[in-house]
>>> print(open('my_file.cif').read())   # mmCIF, C-alpha atoms
data_final
loop_
_atom_site.group_PDB
_atom_site.id
_atom_site.type_symbol
_atom_site.label_atom_id
_atom_site.label_comp_id
_atom_site.auth_asym_id
_atom_site.auth_seq_id
_atom_site.Cartn_x
_atom_site.Cartn_y
_atom_site.Cartn_z
ATOM 1 C CA MET A 25 25.179 56.680 -31.600
ATOM 2 C CA MET A 26 26.542 58.325 -34.743
ATOM 3 C CA ALA A 27 24.335 58.507 -37.817
ATOM 4 C CA SER A 28 25.492 56.847 -41.023
ATOM 5 C CA SER A 29 26.935 59.148 -43.678
ATOM 6 C CA ARG A 30 24.511 60.400 -46.327
ATOM 7 C CA LEU A 31 26.648 58.774 -49.003
ATOM 8 C CA ALA A 32 26.493 55.398 -47.261
ATOM 9 C CA VAL A 33 22.703 55.675 -46.865
ATOM 10 C CA PHE A 34 22.382 56.591 -50.546
ATOM 11 C CA MET A 35 24.509 53.639 -51.674
ATOM 12 C CA ILE A 36 22.837 51.102 -49.370
ATOM 13 C CA VAL A 37 19.322 52.188 -50.356
ATOM 14 C CA PHE A 38 20.308 52.284 -54.029
ATOM 15 C CA SER A 39 21.447 48.651 -53.941
ATOM 16 C CA VAL A 40 18.407 47.498 -51.966
ATOM 17 C CA ALA A 41 15.870 49.466 -54.033
ATOM 18 C CA CYS A 42 17.458 48.513 -57.338
ATOM 19 C CA ALA A 43 17.249 44.792 -56.481
ATOM 20 C CA VAL A 44 13.588 45.082 -55.470
ATOM 21 C CA ILE A 45 12.541 47.202 -58.458
ATOM 22 C CA TYR A 46 14.466 44.909 -60.800
ATOM 23 C CA VAL A 47 12.481 41.898 -59.549
ATOM 24 C CA ILE A 48 9.198 43.804 -59.879
ATOM 25 C CA SER A 49 9.978 45.118 -63.364
ATOM 26 C CA THR A 50 11.089 41.633 -64.451
ATOM 27 C CA GLU A 51 8.022 39.854 -63.160
ATOM 28 C CA LEU A 52 5.514 42.512 -64.255
ATOM 29 C CA ASN A 53 7.484 43.131 -67.459
ATOM 30 C CA LEU A 54 7.996 46.871 -67.082
ATOM 31 C CA PRO A 55 10.961 47.733 -69.317
ATOM 32 C CA LEU A 56 11.714 51.380 -70.002
ATOM 33 C CA LEU A 57 12.822 50.350 -73.470
ATOM 34 C CA THR A 58 12.715 47.318 -75.759
ATOM 35 C CA TYR A 59 15.575 46.254 -78.016
ATOM 36 C CA HIS A 60 15.062 44.236 -81.173
ATOM 37 C CA PRO A 61 18.486 42.618 -81.774
ATOM 38 C CA ALA A 62 17.721 41.113 -85.188
ATOM 39 C CA ILE A 63 16.898 44.508 -86.728
ATOM 40 C CA GLY A 64 18.921 46.666 -84.296
ATOM 41 C CA GLU A 65 15.984 48.873 -83.323
ATOM 42 C CA LEU A 66 15.156 50.353 -79.957
ATOM 43 C CA ASP A 67 11.638 51.212 -78.759
ATOM 44 C CA PHE A 68 10.475 53.189 -75.766
ATOM 45 C CA LEU A 69 8.661 51.084 -73.091
ATOM 46 C CA TRP A 70 7.377 47.574 -73.811
ATOM 47 C CA THR A 71 6.764 46.597 -77.422
ATOM 48 C CA PRO A 72 6.104 43.126 -78.865
ATOM 49 C CA GLU A 73 8.534 41.126 -81.018
ATOM 50 C CA ARG A 74 9.202 42.473 -84.529
ATOM 51 C CA ARG A 75 10.982 40.275 -87.070
ATOM 52 C CA GLY A 76 12.869 38.382 -84.384
ATOM 53 C CA PRO A 77 12.926 38.264 -80.608
ATOM 54 C CA ALA A 78 12.588 41.322 -78.389
ATOM 55 C CA MET A 79 14.967 41.974 -75.483
ATOM 56 C CA TYR A 80 13.587 43.578 -72.322
ATOM 57 C CA TRP A 81 16.560 43.030 -69.999
ATOM 58 C CA TYR A 82 18.155 46.414 -70.773
ATOM 59 C CA GLY A 83 14.787 48.078 -70.198
ATOM 60 C CA TRP A 84 14.288 46.339 -66.851
ATOM 61 C CA MET A 85 17.728 47.501 -65.727
ATOM 62 C CA LEU A 86 16.972 51.066 -66.791
ATOM 63 C CA THR A 87 13.626 51.011 -64.973
ATOM 64 C CA SER A 88 15.297 49.790 -61.785
ATOM 65 C CA LEU A 89 18.217 52.220 -62.142
ATOM 66 C CA ILE A 90 15.952 55.283 -62.371
ATOM 67 C CA GLY A 91 13.591 54.056 -59.634
ATOM 68 C CA ALA A 92 16.489 53.244 -57.311
ATOM 69 C CA LEU A 93 18.171 56.603 -57.909
ATOM 70 C CA VAL A 94 14.956 58.412 -56.931
ATOM 71 C CA LEU A 95 14.426 56.266 -53.815
ATOM 72 C CA ALA A 96 18.092 56.542 -52.774
ATOM 73 C CA TRP A 97 17.947 60.325 -53.136
ATOM 74 C CA ILE A 98 14.774 60.476 -51.003
ATOM 75 C CA ALA A 99 16.402 58.170 -48.430
ATOM 76 C CA SER A 100 19.436 60.426 -48.206
ATOM 77 C CA ILE A 101 17.351 63.468 -47.228
ATOM 78 C CA VAL A 102 14.873 61.910 -44.757
ATOM 79 C CA PRO A 103 15.820 60.801 -41.213
ATOM 80 C CA GLU A 104 17.789 57.563 -41.170
ATOM 81 C CA GLN A 105 15.310 55.918 -38.762
ATOM 82 C CA TRP A 106 12.553 56.275 -41.364
ATOM 83 C CA VAL A 107 14.679 54.533 -43.971
ATOM 84 C CA GLN A 108 15.478 51.667 -41.609
ATOM 85 C CA ARG A 109 11.802 51.356 -40.641
ATOM 86 C CA GLY A 110 10.761 51.410 -44.301
ATOM 87 C CA ILE A 111 13.139 48.630 -45.361
ATOM 88 C CA PHE A 112 12.379 46.594 -42.238
ATOM 89 C CA PHE A 113 8.652 46.885 -42.886
ATOM 90 C CA GLY A 114 9.002 46.100 -46.588
ATOM 91 C CA SER A 115 11.129 43.018 -45.917
ATOM 92 C CA LEU A 116 8.689 41.723 -43.299
ATOM 93 C CA ALA A 117 5.752 42.302 -45.633
ATOM 94 C CA ALA A 118 7.520 40.453 -48.473
ATOM 95 C CA VAL A 119 8.407 37.445 -46.295
ATOM 96 C CA GLY A 120 4.929 37.524 -44.714
ATOM 97 C CA TYR A 121 3.264 37.518 -48.130
ATOM 98 C CA LEU A 122 5.333 34.504 -49.152
ATOM 99 C CA ILE A 123 4.361 32.617 -45.976
ATOM 100 C CA PHE A 124 0.666 33.561 -46.020
ATOM 101 C CA TYR A 125 0.164 32.867 -49.693
ATOM 102 C CA THR A 126 1.947 29.503 -49.467
ATOM 103 C CA LEU A 127 -0.167 28.571 -46.427
ATOM 104 C CA ALA A 128 -3.366 29.743 -48.140
ATOM 105 C CA LEU A 129 -2.658 27.616 -51.219
ATOM 106 C CA PHE A 130 -1.744 24.642 -49.032
ATOM 107 C CA VAL A 131 -5.034 24.918 -47.107
ATOM 108 C CA TYR A 132 -6.943 25.416 -50.371
ATOM 109 C CA ASP A 133 -5.436 22.205 -51.785
ATOM 110 C CA LYS A 134 -6.129 20.138 -48.648
ATOM 111 C CA ALA A 135 -9.595 21.504 -47.814
ATOM 112 C CA THR A 136 -12.579 19.227 -48.424
ATOM 113 C CA ILE A 137 -14.807 22.215 -49.217
ATOM 114 C CA GLU A 138 -14.330 24.928 -51.839
ATOM 115 C CA LEU A 139 -12.471 27.892 -50.279
ATOM 116 C CA GLU A 140 -11.999 30.018 -53.398
ATOM 117 C CA PHE A 141 -11.194 33.187 -51.430
ATOM 118 C CA LEU A 142 -7.901 31.631 -50.255
ATOM 119 C CA LYS A 143 -6.550 31.965 -53.806
ATOM 120 C CA SER A 144 -6.804 35.753 -53.611
ATOM 121 C CA ARG A 145 -3.365 37.376 -53.560
ATOM 122 C CA TRP A 146 -4.876 40.487 -51.984
ATOM 123 C CA LEU A 147 -5.948 38.511 -48.920
ATOM 124 C CA SER A 148 -2.413 37.220 -48.333
ATOM 125 C CA LEU A 149 -0.986 40.666 -49.022
ATOM 126 C CA GLY A 150 -3.379 42.254 -46.535
ATOM 127 C CA ALA A 151 -2.475 39.695 -43.871
ATOM 128 C CA ALA A 152 1.244 40.217 -44.575
ATOM 129 C CA VAL A 153 0.935 43.991 -44.257
ATOM 130 C CA LEU A 154 -0.977 43.668 -40.967
ATOM 131 C CA ALA A 155 1.643 41.265 -39.592
ATOM 132 C CA ALA A 156 4.456 43.574 -40.745
ATOM 133 C CA VAL A 157 2.784 46.556 -39.036
ATOM 134 C CA ALA A 158 2.384 44.571 -35.797
ATOM 135 C CA ILE A 159 5.985 43.301 -35.774
ATOM 136 C CA SER A 160 7.351 46.746 -36.711
ATOM 137 C CA LEU A 161 5.488 48.328 -33.793
ATOM 138 C CA LEU A 162 6.651 45.625 -31.376
ATOM 139 C CA ALA A 163 10.275 45.652 -32.526
ATOM 140 C CA PRO A 164 12.762 47.238 -30.090
ATOM 141 C CA ALA A 165 13.426 50.917 -30.823
ATOM 142 C CA ALA A 166 17.159 50.180 -31.010
ATOM 143 C CA TRP A 167 16.553 48.224 -34.215
ATOM 144 C CA HIS A 168 15.443 51.401 -35.966
ATOM 145 C CA GLN A 169 18.175 53.771 -34.790
ATOM 146 C CA ARG A 170 20.465 53.225 -37.751
ATOM 147 C CA LEU A 171 20.236 51.837 -41.256
ATOM 148 C CA TRP A 172 21.412 48.217 -41.131
ATOM 149 C CA PRO A 173 24.076 47.720 -43.844
ATOM 150 C CA GLY A 174 23.261 44.006 -43.975
ATOM 151 C CA TRP A 175 20.199 44.824 -46.097
ATOM 152 C CA VAL A 176 22.622 45.070 -49.023
ATOM 153 C CA VAL A 177 23.184 41.319 -48.779
ATOM 154 C CA VAL A 178 19.822 40.098 -47.481
ATOM 155 C CA VAL A 179 17.576 41.866 -50.010
ATOM 156 C CA PRO A 180 19.555 40.924 -53.174
ATOM 157 C CA ILE A 181 19.677 37.277 -52.000
ATOM 158 C CA GLY A 182 15.901 37.397 -51.571
ATOM 159 C CA ALA A 183 15.609 38.965 -55.019
ATOM 160 C CA LEU A 184 17.718 36.181 -56.521
ATOM 161 C CA ALA A 185 15.536 33.562 -54.830
ATOM 162 C CA VAL A 186 12.386 35.092 -56.355
ATOM 163 C CA LEU A 187 14.005 35.382 -59.785
ATOM 164 C CA ALA A 188 15.176 31.756 -59.612
ATOM 165 C CA TYR A 189 11.691 30.617 -58.585
ATOM 166 C CA TYR A 190 10.144 32.288 -61.631
ATOM 167 C CA LEU A 191 12.622 30.473 -63.889
ATOM 168 C CA THR A 192 11.636 26.997 -62.653
ATOM 169 C CA PRO A 193 9.510 26.271 -65.773
ATOM 170 C CA TYR A 194 12.768 26.039 -67.749
ATOM 171 C CA PHE A 195 13.862 23.166 -65.498
ATOM 172 C CA THR A 196 10.566 21.293 -65.244
ATOM 173 C CA ARG A 197 9.615 20.992 -68.920
ATOM 174 C CA MET B 13 31.180 35.697 -86.648
ATOM 175 C CA ALA B 14 34.893 36.281 -85.945
ATOM 176 C CA PHE B 15 33.991 39.623 -84.367
ATOM 177 C CA TRP B 16 31.588 38.080 -81.841
ATOM 178 C CA THR B 17 33.983 35.212 -81.117
ATOM 179 C CA THR B 18 36.744 37.729 -80.404
ATOM 180 C CA LEU B 19 34.446 39.679 -78.100
ATOM 181 C CA LEU B 20 33.473 36.463 -76.322
ATOM 182 C CA ILE B 21 37.129 35.537 -75.782
ATOM 183 C CA ILE B 22 37.908 39.015 -74.418
ATOM 184 C CA HIS B 23 34.818 38.761 -72.194
ATOM 185 C CA GLY B 24 36.095 35.402 -70.919
ATOM 186 C CA LEU B 25 39.611 36.733 -70.296
ATOM 187 C CA LEU B 26 38.243 39.711 -68.366
ATOM 188 C CA ALA B 27 36.125 37.298 -66.343
ATOM 189 C CA VAL B 28 39.253 35.290 -65.499
ATOM 190 C CA ALA B 29 40.980 38.460 -64.252
ATOM 191 C CA LEU B 30 37.869 39.402 -62.266
ATOM 192 C CA ILE B 31 37.512 35.958 -60.710
ATOM 193 C CA GLY B 32 41.157 36.074 -59.624
ATOM 194 C CA ALA B 33 40.830 39.521 -58.066
ATOM 195 C CA ILE B 34 37.536 38.907 -56.241
ATOM 196 C CA THR B 35 38.644 35.474 -54.989
ATOM 197 C CA HIS B 36 41.890 36.964 -53.654
ATOM 198 C CA GLN B 37 39.983 39.703 -51.873
ATOM 199 C CA ALA B 38 37.241 37.445 -50.488
ATOM 200 C CA VAL B 39 39.795 34.949 -49.139
ATOM 201 C CA SER B 40 41.988 37.667 -47.629
ATOM 202 C CA VAL B 41 39.021 39.331 -45.927
ATOM 203 C CA TRP B 42 37.463 36.102 -44.608
ATOM 204 C CA MET B 43 40.697 34.331 -43.705
ATOM 205 C CA PRO B 44 43.211 37.091 -42.991
ATOM 206 C CA VAL B 45 46.775 36.033 -42.282
ATOM 207 C CA ARG B 46 48.172 37.300 -38.981
ATOM 208 C CA ALA B 47 51.639 35.723 -39.183
ATOM 209 C CA LYS B 48 54.297 36.168 -41.882
ATOM 210 C CA ALA B 49 53.355 34.675 -45.231
ATOM 211 C CA GLY B 50 54.799 31.204 -45.810
ATOM 212 C CA ASN B 51 53.474 28.729 -48.344
ATOM 213 C CA PHE B 52 51.388 29.450 -51.470
ATOM 214 C CA VAL B 53 48.011 29.276 -49.686
ATOM 215 C CA THR B 54 49.130 31.618 -46.915
ATOM 216 C CA ARG B 55 50.537 34.081 -49.435
ATOM 217 C CA PHE B 56 47.249 33.855 -51.392
ATOM 218 C CA ARG B 57 45.416 34.921 -48.207
ATOM 219 C CA ALA B 58 47.941 37.623 -47.298
ATOM 220 C CA VAL B 59 47.170 40.122 -50.087
ATOM 221 C CA PRO B 60 46.126 43.688 -49.086
ATOM 222 C CA SER B 61 42.382 43.414 -49.762
ATOM 223 C CA THR B 62 41.727 47.166 -50.077
ATOM 224 C CA SER B 63 43.994 47.450 -53.124
ATOM 225 C CA TYR B 64 41.624 45.254 -55.162
ATOM 226 C CA VAL B 65 38.480 47.379 -54.830
ATOM 227 C CA MET B 66 38.766 49.679 -57.851
ATOM 228 C CA ALA B 67 40.197 46.906 -60.042
ATOM 229 C CA ILE B 68 37.230 44.680 -59.169
ATOM 230 C CA ILE B 69 34.691 47.431 -59.853
ATOM 231 C CA VAL B 70 36.265 48.363 -63.206
ATOM 232 C CA LEU B 71 36.674 44.711 -64.258
ATOM 233 C CA TYR B 72 33.094 43.897 -63.273
ATOM 234 C CA VAL B 73 31.624 46.844 -65.164
ATOM 235 C CA VAL B 74 33.713 46.238 -68.309
ATOM 236 C CA THR B 75 33.013 42.473 -68.246
ATOM 237 C CA PHE B 76 29.320 43.206 -67.728
ATOM 238 C CA ILE B 77 29.158 45.669 -70.628
ATOM 239 C CA MET B 78 30.894 43.193 -72.937
ATOM 240 C CA GLY B 79 28.561 40.424 -71.812
ATOM 241 C CA ALA B 80 25.526 42.649 -72.361
ATOM 242 C CA TRP B 81 26.792 43.448 -75.857
ATOM 243 C CA ILE B 82 27.423 39.793 -76.771
ATOM 244 C CA TYR B 83 23.986 38.982 -75.359
ATOM 245 C CA THR B 84 22.332 40.772 -78.310
ATOM 246 C CA GLN B 85 23.958 38.262 -80.682
ATOM 247 C CA TYR B 86 23.234 35.306 -78.387
ATOM 248 C CA ARG B 87 19.531 36.251 -78.226
ATOM 249 C CA PHE B 88 18.732 35.744 -81.895
ATOM 250 C CA THR B 89 21.332 33.139 -82.826
ATOM 251 C CA SER B 90 22.513 30.740 -80.098
ATOM 252 C CA ARG B 91 19.381 30.948 -77.978
ATOM 253 C CA LEU B 92 17.055 30.165 -80.867
ATOM 254 C CA ALA B 93 19.208 27.127 -81.676
ATOM 255 C CA LEU B 94 19.189 26.006 -78.037
ATOM 256 C CA GLU B 95 15.394 26.305 -77.930
ATOM 257 C CA GLN B 96 15.005 24.352 -81.162
ATOM 258 C CA LEU B 97 17.244 21.659 -79.684
ATOM 259 C CA ARG B 98 15.042 21.774 -76.550
ATOM 260 C CA PHE B 99 18.008 22.648 -74.315
ATOM 261 C CA PHE B 100 15.648 24.415 -71.917
ATOM 262 C CA LYS B 101 17.809 23.925 -68.841
ATOM 263 C CA THR B 102 20.729 25.614 -70.604
ATOM 264 C CA VAL B 103 18.491 28.506 -71.631
ATOM 265 C CA GLY B 104 17.171 28.651 -68.053
ATOM 266 C CA VAL B 105 20.596 28.851 -66.416
ATOM 267 C CA PHE B 106 21.599 31.512 -68.913
ATOM 268 C CA GLU B 107 18.449 33.490 -68.015
ATOM 269 C CA MET B 108 19.540 33.166 -64.394
ATOM 270 C CA LYS B 109 23.019 34.345 -65.350
ATOM 271 C CA GLU B 110 21.619 37.626 -66.678
ATOM 272 C CA HIS B 111 19.739 38.170 -63.387
ATOM 273 C CA VAL B 112 22.734 37.211 -61.236
ATOM 274 C CA ALA B 113 24.986 39.525 -63.258
ATOM 275 C CA THR B 114 22.520 42.380 -62.768
ATOM 276 C CA ILE B 115 22.323 41.769 -59.011
ATOM 277 C CA GLY B 116 26.135 41.801 -58.904
ATOM 278 C CA LEU B 117 26.170 45.143 -60.713
ATOM 279 C CA ILE B 118 23.577 46.461 -58.274
ATOM 280 C CA LEU B 119 25.847 45.506 -55.349
ATOM 281 C CA LEU B 120 28.791 47.562 -56.622
ATOM 282 C CA PRO B 121 27.801 51.011 -55.243
ATOM 283 C CA ALA B 122 27.371 49.606 -51.718
ATOM 284 C CA TYR B 123 30.518 47.490 -52.135
ATOM 285 C CA TRP B 124 32.438 50.645 -53.025
ATOM 286 C CA ALA B 125 30.921 52.569 -50.083
ATOM 287 C CA PHE B 126 31.841 49.806 -47.598
ATOM 288 C CA TRP B 127 35.423 49.652 -48.868
ATOM 289 C CA ARG B 128 35.976 53.426 -48.915
ATOM 290 C CA GLN B 129 39.114 54.583 -47.123
ATOM 291 C CA PRO B 130 39.459 54.944 -44.180
ATOM 292 C CA LEU B 131 37.649 51.648 -43.617
ATOM 293 C CA ALA B 132 34.702 52.176 -41.247
ATOM 294 C CA GLU B 133 34.549 49.642 -38.427
ATOM 295 C CA ASP B 134 30.718 49.906 -38.539
ATOM 296 C CA TYR B 135 30.712 48.285 -41.952
ATOM 297 C CA ALA B 136 33.223 45.501 -41.234
ATOM 298 C CA GLY B 137 30.559 42.778 -41.245
ATOM 299 C CA ALA B 138 28.725 44.149 -44.280
ATOM 300 C CA ARG B 139 32.041 44.584 -46.097
ATOM 301 C CA LYS B 140 32.879 40.908 -45.631
ATOM 302 C CA SER B 141 29.380 39.752 -46.571
ATOM 303 C CA VAL B 142 29.014 41.863 -49.686
ATOM 304 C CA THR B 143 32.506 40.823 -50.860
ATOM 305 C CA LEU B 144 31.598 37.166 -50.412
ATOM 306 C CA LEU B 145 28.284 37.619 -52.221
ATOM 307 C CA LEU B 146 30.026 39.391 -55.086
ATOM 308 C CA ALA B 147 32.581 36.568 -55.269
ATOM 309 C CA LEU B 148 29.778 33.995 -55.426
ATOM 310 C CA VAL B 149 28.055 36.024 -58.156
ATOM 311 C CA VAL B 150 31.244 36.144 -60.233
ATOM 312 C CA TRP B 151 31.968 32.431 -59.759
ATOM 313 C CA ALA B 152 28.386 31.422 -60.574
ATOM 314 C CA ASN B 153 28.342 33.529 -63.728
ATOM 315 C CA PHE B 154 31.749 32.300 -64.802
ATOM 316 C CA LEU B 155 30.704 28.658 -64.524
ATOM 317 C CA VAL B 156 27.285 29.189 -66.109
ATOM 318 C CA GLY B 157 28.878 31.154 -68.950
ATOM 319 C CA HIS B 158 31.223 28.274 -69.621
ATOM 320 C CA ILE B 159 28.465 25.664 -69.517
ATOM 321 C CA ALA B 160 26.149 27.700 -71.745
ATOM 322 C CA ASN B 161 28.952 28.404 -74.191
ATOM 323 C CA ASN B 162 29.786 24.705 -74.415
ATOM 324 C CA ALA B 163 26.135 23.627 -74.408
ATOM 325 C CA ARG B 164 26.286 21.332 -77.377
ATOM 326 C CA GLY B 165 29.398 19.639 -76.070
ATOM 327 C CA PHE B 166 28.752 19.750 -72.368
ATOM 328 C CA GLY B 167 26.991 16.642 -71.093
ATOM 329 C CA SER B 168 25.767 15.631 -74.553
#
>>> encode(input="my_file.cif", output="structure tokens")
Amino acid sequence: MMASSRLAVFMIVFSVACAVIYVISTELNLPLLTYHPAIGELDFLWTPERRGPAMYWYGWMLTSLIGALVLAWIASIVPEQWVQRGIFFGSLAAVGYLIFYTLALFVYDKATIELEFLKSRWLSLGAAVLAAVAISLLAPAAWHQRLWPGWVVVVPIGALAVLAYYLTPYFTR
Amino acid sequence: MAFWTTLLIIHGLLAVALIGAITHQAVSVWMPVRAKAGNFVTRFRAVPSTSYVMAIIVLYVVTFIMGAWIYTQYRFTSRLALEQLRFFKTVGVFEMKEHVATIGLILLPAYWAFWRQPLAEDYAGARKSVTLLLALVVWANFLVGHIANNARGFGS
């Protein structure tokens, strides 16, 4: 089986990493710069509103661009199998976290006794990581031979779903 | 105000060109025509999809940059008015538009790699999928842009 070209690996990982980092920087509000459109001023990193609204979108994109460039460069110099394993593991962990945390909150809501620990995000994250490790180890070796180009579609769609979920307050007011 | 209106019209016209190009390519790659082109629909599907790649990338980037520029004006004029009018759904879909546009931009490097000549058979599936996703991104943003722009008229 032929390995993917370094350029293709770079581009695929760039798109995947950029989508993931964009979601993280949006939700944790990690802009590399802040723009104040009313006064036309630009600040480094996050700064609060000053005489008008502050815009973080450009900063989030810059954060994700730089992060993705670094990750794509690393991916293009390490063995392709590692990259595939890394994305596979990360995707499983993300989906697992979503499932475990939703289940934990469901059980917490339905339980007749107080189960405060179920509200811990770390517990769901730990369970998701363990499940991802187990599935990654059990997955057929053929799955990790080459970088799957379909990640370019799957991961951004997942990113869009998360971004849409966080915007639901606009539609429920 | 005339300056921003002009920019918005140019942004809209570029989006029309982009939507035409990406729709042509997506249709031709998902429903390729094997026989000789006949009626309008068949001819629409029969375009050489590879010839659209650079045009789509350039149009997307230019449309995106113009949109990002206009967004600065929107943020402290139109959006404040929409919030005061409690048009939260409109603000929400526009927030989604900025995310969808960014995801579309993020797809472009891989889109370019998958469409690089000579076309790699290994990426045939990914090429089709990423083209379709990009087409959906462009269509969604086009429609949302229109709705947001017409907010005070649309549905009111």
>>> resolve_selection(input="my_file.cif", expression="the PyMOL selection byres ((chain A and resi 57) around 7)", output="ChimeraX atom specification")
/A:55-56,58-59,66-70,80,83
>>> residues_around(input="my_file.cif", residues="Val112 (chain B)", least_positions_apart="4", cutoff="12 Å", atoms="only C-alpha atoms", output="VMD selection string")
(chain A and resid 43 46 to 47 180 to 188) or (chain B and resid 76 105 to 108 116 to 119 145 to 154 156 to 157)
>>> write_last_selection(input="my_file.cif", atoms="C-alpha atoms", output="mmCIF file, in the frame of the given file")
data_model
loop_
_atom_site.group_PDB
_atom_site.id
_atom_site.type_symbol
_atom_site.label_atom_id
_atom_site.label_comp_id
_atom_site.auth_asym_id
_atom_site.auth_seq_id
_atom_site.Cartn_x
_atom_site.Cartn_y
_atom_site.Cartn_z
ATOM 1 C CA ALA A 43 17.249 44.792 -56.481
ATOM 2 C CA TYR A 46 14.466 44.909 -60.800
ATOM 3 C CA VAL A 47 12.481 41.898 -59.549
ATOM 4 C CA PRO A 180 19.555 40.924 -53.174
ATOM 5 C CA ILE A 181 19.677 37.277 -52.000
ATOM 6 C CA GLY A 182 15.901 37.397 -51.571
ATOM 7 C CA ALA A 183 15.609 38.965 -55.019
ATOM 8 C CA LEU A 184 17.718 36.181 -56.521
ATOM 9 C CA ALA A 185 15.536 33.562 -54.830
ATOM 10 C CA VAL A 186 12.386 35.092 -56.355
ATOM 11 C CA LEU A 187 14.005 35.382 -59.785
ATOM 12 C CA ALA A 188 15.176 31.756 -59.612
ATOM 13 C CA PHE B 76 29.320 43.206 -67.728
ATOM 14 C CA VAL B 105 20.596 28.851 -66.416
ATOM 15 C CA PHE B 106 21.599 31.512 -68.913
ATOM 16 C CA GLU B 107 18.449 33.490 -68.015
ATOM 17 C CA MET B 108 19.540 33.166 -64.394
ATOM 18 C CA GLY B 116 26.135 41.801 -58.904
ATOM 19 C CA LEU B 117 26.170 45.143 -60.713
ATOM 20 C CA ILE B 118 23.577 46.461 -58.274
ATOM 21 C CA LEU B 119 25.847 45.506 -55.349
ATOM 22 C CA LEU B 145 28.284 37.619 -52.221
ATOM 23 C CA LEU B 146 30.026 39.391 -55.086
ATOM 24 C CA ALA B 147 32.581 36.568 -55.269
ATOM 25 C CA LEU B 148 29.778 33.995 -55.426
ATOM 26 C CA VAL B 149 28.055 36.024 -58.156
ATOM 27 C CA VAL B 150 31.244 36.144 -60.233
ATOM 28 C CA TRP B 151 31.968 32.431 -59.759
ATOM 29 C CA ALA B 152 28.386 31.422 -60.574
ATOM 30 C CA ASN B 153 28.342 33.529 -63.728
ATOM 31 C CA PHE B 154 31.749 32.300 -64.802
ATOM 32 C CA VAL B 156 27.285 29.189 -66.109
ATOM 33 C CA GLY B 157 28.878 31.154 -68.950
#
>>> interface_residues(input="my_file.cif", of="chain A", to="chain B", cutoff="8 Å", atoms="all atoms listed in the file", output="number ranges by chain")
A: 31-32, 35-36, 38-39, 42-43, 61-62, 76-77, 79, 85, 173-174, 176-177, 180, 184, 187-188, 191-192, 194-195, 197
>>> residues_around(input="my_file.cif", residues="Tyr72 (chain B)", least_positions_apart="2", cutoff="10 Å", atoms="only C-alpha atoms", output="list of chain:residue names")
B:Leu26, B:Ala27, B:Ala29, B:Leu30, B:Ile31, B:Ile34, B:Met66, B:Ala67, B:Ile68, B:Ile69, B:Val70, B:Val74, B:Thr75, B:Phe76, B:Ile77, B:Met78, B:Ala113, B:Gly116, B:Leu117, B:Leu120, B:Leu146, B:Val150
>>> residues_around(input="my_file.cif", residues="Leu149 (chain A)", least_positions_apart="3", cutoff="10 Å", atoms="all atoms listed in the file", output="list in words")
Ala117, Ala118, Gly120, Tyr121, Leu122, Phe124, Tyr125, Ser144, Arg145, Trp146, Ala152, Val153, Leu154 and Ala155 of chain A
>>> closest_residue(input="my_file.cif", among="B:Val59, B:Val41, B:Leu20, B:Val73", to="Trp127 (chain B)", atoms="only C-alpha atoms")
B:Val41
>>> resolve_selection(input="my_file.cif", expression="the PyMOL selection byres ((chain A and resi 95-100) around 12)", output="JSON list (two decimals) with C-alpha atoms, in the frame of the given file")
[["chain", "number", "residue", "atom", "x", "y", "z"],
["A", 27, "ALA", "CA", 24.34, 58.51, -37.82],
["A", 28, "SER", "CA", 25.49, 56.85, -41.02],
["A", 29, "SER", "CA", 26.94, 59.15, -43.68],
["A", 30, "ARG", "CA", 24.51, 60.40, -46.33],
["A", 31, "LEU", "CA", 26.65, 58.77, -49.00],
["A", 32, "ALA", "CA", 26.49, 55.40, -47.26],
["A", 33, "VAL", "CA", 22.70, 55.68, -46.86],
["A", 34, "PHE", "CA", 22.38, 56.59, -50.55],
["A", 35, "MET", "CA", 24.51, 53.64, -51.67],
["A", 36, "ILE", "CA", 22.84, 51.10, -49.37],
["A", 37, "VAL", "CA", 19.32, 52.19, -50.36],
["A", 38, "PHE", "CA", 20.31, 52.28, -54.03],
["A", 39, "SER", "CA", 21.45, 48.65, -53.94],
["A", 40, "VAL", "CA", 18.41, 47.50, -51.97],
["A", 41, "ALA", "CA", 15.87, 49.47, -54.03],
["A", 42, "CYS", "CA", 17.46, 48.51, -57.34],
["A", 44, "VAL", "CA", 13.59, 45.08, -55.47],
["A", 45, "ILE", "CA", 12.54, 47.20, -58.46],
["A", 88, "SER", "CA", 15.30, 49.79, -61.78],
["A", 89, "LEU", "CA", 18.22, 52.22, -62.14],
["A", 90, "ILE", "CA", 15.95, 55.28, -62.37],
["A", 91, "GLY", "CA", 13.59, 54.06, -59.63],
["A", 92, "ALA", "CA", 16.49, 53.24, -57.31],
["A", 93, "LEU", "CA", 18.17, 56.60, -57.91],
["A", 94, "VAL", "CA", 14.96, 58.41, -56.93],
["A", 101, "ILE", "CA", 17.35, 63.47, -47.23],
["A", 102, "VAL", "CA", 14.87, 61.91, -44.76],
["A", 103, "PRO", "CA", 15.82, 60.80, -41.21],
["A", 104, "GLU", "CA", 17.79, 57.56, -41.17],
["A", 105, "GLN", "CA", 15.31, 55.92, -38.76],
["A", 106, "TRP", "CA", 12.55, 56.28, -41.36],
["A", 107, "VAL", "CA", 14.68, 54.53, -43.97],
["A", 108, "GLN", "CA", 15.48, 51.67, -41.61],
["A", 109, "ARG", "CA", 11.80, 51.36, -40.64],
["A", 110, "GLY", "CA", 10.76, 51.41, -44.30],
["A", 111, "ILE", "CA", 13.14, 48.63, -45.36],
["A", 171, "LEU", "CA", 20.24, 51.84, -41.26],
["B", 121, "PRO", "CA", 27.80, 51.01, -55.24],
["B", 122, "ALA", "CA", 27.37, 49.61, -51.72]]
